[in-house]
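As structure tokens, the structure follows; a few thoughts come after it.
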Amino acid sequence: MNIVFNSIMCIQKENYAKKPPKTTSYYTFFYIIFQVIGLLLLYSVYYWIIHFRGGFSLTKAKLIPNWHPIFMTIVLIYLFANAVLHYRSFWNTKQNLKNQHAIFFGCIISIIMIAGLATLNSYRFRPLFTNPAIPNLYSLHSWLGIITFAMIVLQFISGFWIYLYPKVAAQYREMMMPYHVFFGISSFVLAIVSGGLGFCEKIIFSLDKEYEKLPAEGIVGNCLGLLCIFYGGLVVYMVTKPEFKRDSAATEYQPLIEH
């Protein structure tokens, strides 16, 4: 009886977990592009800060705000994107993937707080290099950033309670899943928009009237914004494409990436 039962369970797992080879090939192709563009975006932001903005420092007042764009790009765009696609990309049990997904977002929230504090704390140094000092929290970029962060925190709390707290009934988890997915994708889109506005804002504040002459830094800044938007569009496509979705009934997931 045990042999028959195990055989049935294996067949069910295969039916739930396996995708057609063509689907896994497509996903692998898109996943490689996704990682290449993400790493290119990170390197481009690093290059921009090093070659045009003077680099990074923990003690030089003018360079402290430079931590903000690199931290936010790493966390709010690249890590966020990887967290969104985590279920589709790696093999594991559903419970372990839930735990890893939660850990991803716990780290994201922690680092966003550090990056945000770096920007807010730099306000007292701004009179040293801008006159008058640029105030905090007045631009659309900052407003969207706060809204995005608030949505991520609420998603994390609600997701932790609904999907990791063992006493929540399965029917409520299933009922809330479409909303969890919708607000998760919405938060990521807001993060992309906020990032694009942030690059534009930083370039405008740094170059001022020189920006209209389209110097090298202006071109780099514009390319950063376009790359950020393209990256976001690719992630949304991968996470919403029906062929790339997994069966919610499966207890164990096979990766869509070919090995």
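Convention: chains lettered A, B, ... in structure tokens order; per-chain residue numbering from 1; ligands numbered from 1 as shown.
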With a distance cut-off of 8 Å and only C-alpha atoms, select the neighbouring residues of A:Gly198, excluding the residue or stretch itself and same-chain residues fewer than 4 positions from it, and output the selection as a ChimeraX atom specification.
/A:69,141,194,202
Each stretch 36-126 of chain A residue no farther than 8 Å from stretch 207-231 of chain A, nearest pair in Å, only C-alpha atoms, as a tab-separated table:
```
residue	atom	partner	partner_atom	distance
A:Ile37	CA	A:Tyr231	CA	6.6
A:Gly38	CA	A:Tyr231	CA	6.9
A:Leu41	CA	A:Leu227	CA	6.7
A:Ser44	CA	A:Leu224	CA	7.1
A:Val45	CA	A:Leu224	CA	7.2
A:Trp48	CA	A:Val220	CA	7.1
A:Phe52	CA	A:Glu217	CA	6.6
```
Hey, what does DSSP flag as alpha helix (DSSP H) within stretch 31-180 of chain A? Can you give it to me as a VMD selection string?
chain A and resid 31 to 52 67 to 72 80 to 84 86 to 89 94 to 121 140 to 159 170 to 180
Please tabulate, as a tab-separated table, the residues of stretch 135-185 of chain A that come within 10 Å of stretch 97-111 of chain A, each with its closest pair of atoms and the distance in Å to one decimal, counting only C-alpha atoms and ordering rows by chain, then residue number upward.
```
residue	atom	partner	partner_atom	distance
A:Phe149	CA	A:Ile109	CA	7.6
A:Ala150	CA	A:Ile109	CA	9.7
A:Ile152	CA	A:Ile109	CA	7.6
A:Val153	CA	A:Ile109	CA	7.0
A:Gln155	CA	A:Phe105	CA	9.2
A:Phe156	CA	A:Phe105	CA	6.8
A:Ile157	CA	A:Ala102	CA	9.6
A:Gly159	CA	A:Ala102	CA	8.1
A:Phe160	CA	A:Ala102	CA	7.1
A:Tyr163	CA	A:Lys98	CA	7.6
A:Leu164	CA	A:Lys98	CA	7.4
```
Atoms to include: N, CA, C and O atoms. Write the selected residues as a PDB file, in the first residue's frame.
```
ATOM      1  N   PHE A 149       7.152  52.393  -0.112  1.00  0.00           N
ATOM      2  CA  PHE A 149       7.651  51.772   1.109  1.00  0.00           C
ATOM      3  C   PHE A 149       6.502  51.343   2.019  1.00  0.00           C
ATOM      4  O   PHE A 149       6.516  50.238   2.587  1.00  0.00           O
ATOM      5  N   ALA A 150       5.482  52.210   2.135  1.00  0.00           N
ATOM      6  CA  ALA A 150       4.328  51.875   2.978  1.00  0.00           C
ATOM      7  C   ALA A 150       3.603  50.651   2.434  1.00  0.00           C
ATOM      8  O   ALA A 150       3.187  49.767   3.205  1.00  0.00           O
ATOM      9  N   ILE A 152       4.916  48.213   0.645  1.00  0.00           N
ATOM     10  CA  ILE A 152       5.762  47.031   0.873  1.00  0.00           C
ATOM     11  C   ILE A 152       5.630  46.554   2.313  1.00  0.00           C
ATOM     12  O   ILE A 152       5.519  45.349   2.578  1.00  0.00           O
ATOM     13  N   VAL A 153       5.634  47.492   3.258  1.00  0.00           N
ATOM     14  CA  VAL A 153       5.503  47.124   4.674  1.00  0.00           C
ATOM     15  C   VAL A 153       4.144  46.476   4.932  1.00  0.00           C
ATOM     16  O   VAL A 153       4.048  45.438   5.617  1.00  0.00           O
ATOM     17  N   GLN A 155       2.243  44.970   2.717  1.00  0.00           N
ATOM     18  CA  GLN A 155       2.268  43.666   2.048  1.00  0.00           C
ATOM     19  C   GLN A 155       2.995  42.634   2.896  1.00  0.00           C
ATOM     20  O   GLN A 155       2.574  41.485   2.998  1.00  0.00           O
ATOM     21  N   PHE A 156       4.108  43.063   3.489  1.00  0.00           N
ATOM     22  CA  PHE A 156       4.902  42.150   4.306  1.00  0.00           C
ATOM     23  C   PHE A 156       4.113  41.697   5.537  1.00  0.00           C
ATOM     24  O   PHE A 156       4.069  40.503   5.854  1.00  0.00           O
ATOM     25  N   ILE A 157       3.488  42.642   6.205  1.00  0.00           N
ATOM     26  CA  ILE A 157       2.728  42.312   7.422  1.00  0.00           C
ATOM     27  C   ILE A 157       1.534  41.419   7.087  1.00  0.00           C
ATOM     28  O   ILE A 157       1.302  40.385   7.724  1.00  0.00           O
ATOM     29  N   GLY A 159       1.028  39.615   4.350  1.00  0.00           N
ATOM     30  CA  GLY A 159       1.478  38.336   3.810  1.00  0.00           C
ATOM     31  C   GLY A 159       1.998  37.414   4.896  1.00  0.00           C
ATOM     32  O   GLY A 159       1.756  36.202   4.867  1.00  0.00           O
ATOM     33  N   PHE A 160       2.709  37.990   5.843  1.00  0.00           N
ATOM     34  CA  PHE A 160       3.227  37.186   6.965  1.00  0.00           C
ATOM     35  C   PHE A 160       2.073  36.575   7.758  1.00  0.00           C
ATOM     36  O   PHE A 160       2.105  35.392   8.120  1.00  0.00           O
ATOM     37  N   TYR A 163      -0.145  34.085   5.088  1.00  0.00           N
ATOM     38  CA  TYR A 163       0.479  32.926   4.452  1.00  0.00           C
ATOM     39  C   TYR A 163       1.513  32.193   5.312  1.00  0.00           C
ATOM     40  O   TYR A 163       1.914  31.095   4.965  1.00  0.00           O
ATOM     41  N   LEU A 164       1.927  32.790   6.412  1.00  0.00           N
ATOM     42  CA  LEU A 164       2.883  32.105   7.277  1.00  0.00           C
ATOM     43  C   LEU A 164       2.309  31.759   8.640  1.00  0.00           C
ATOM     44  O   LEU A 164       2.835  30.876   9.320  1.00  0.00           O
TER      45      LEU A 164
END
```
Please determine, counting only C-alpha atoms, which residue among A:Val189, A:Met113, A:Cys200, A:Leu40 has the shortest atom-to-atom distance to A:Ala81.
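Going through A:Val189, A:Met113, A:Cys200, A:Leu40 one by one, the smallest distance to A:Ala81 is for A:Val189.
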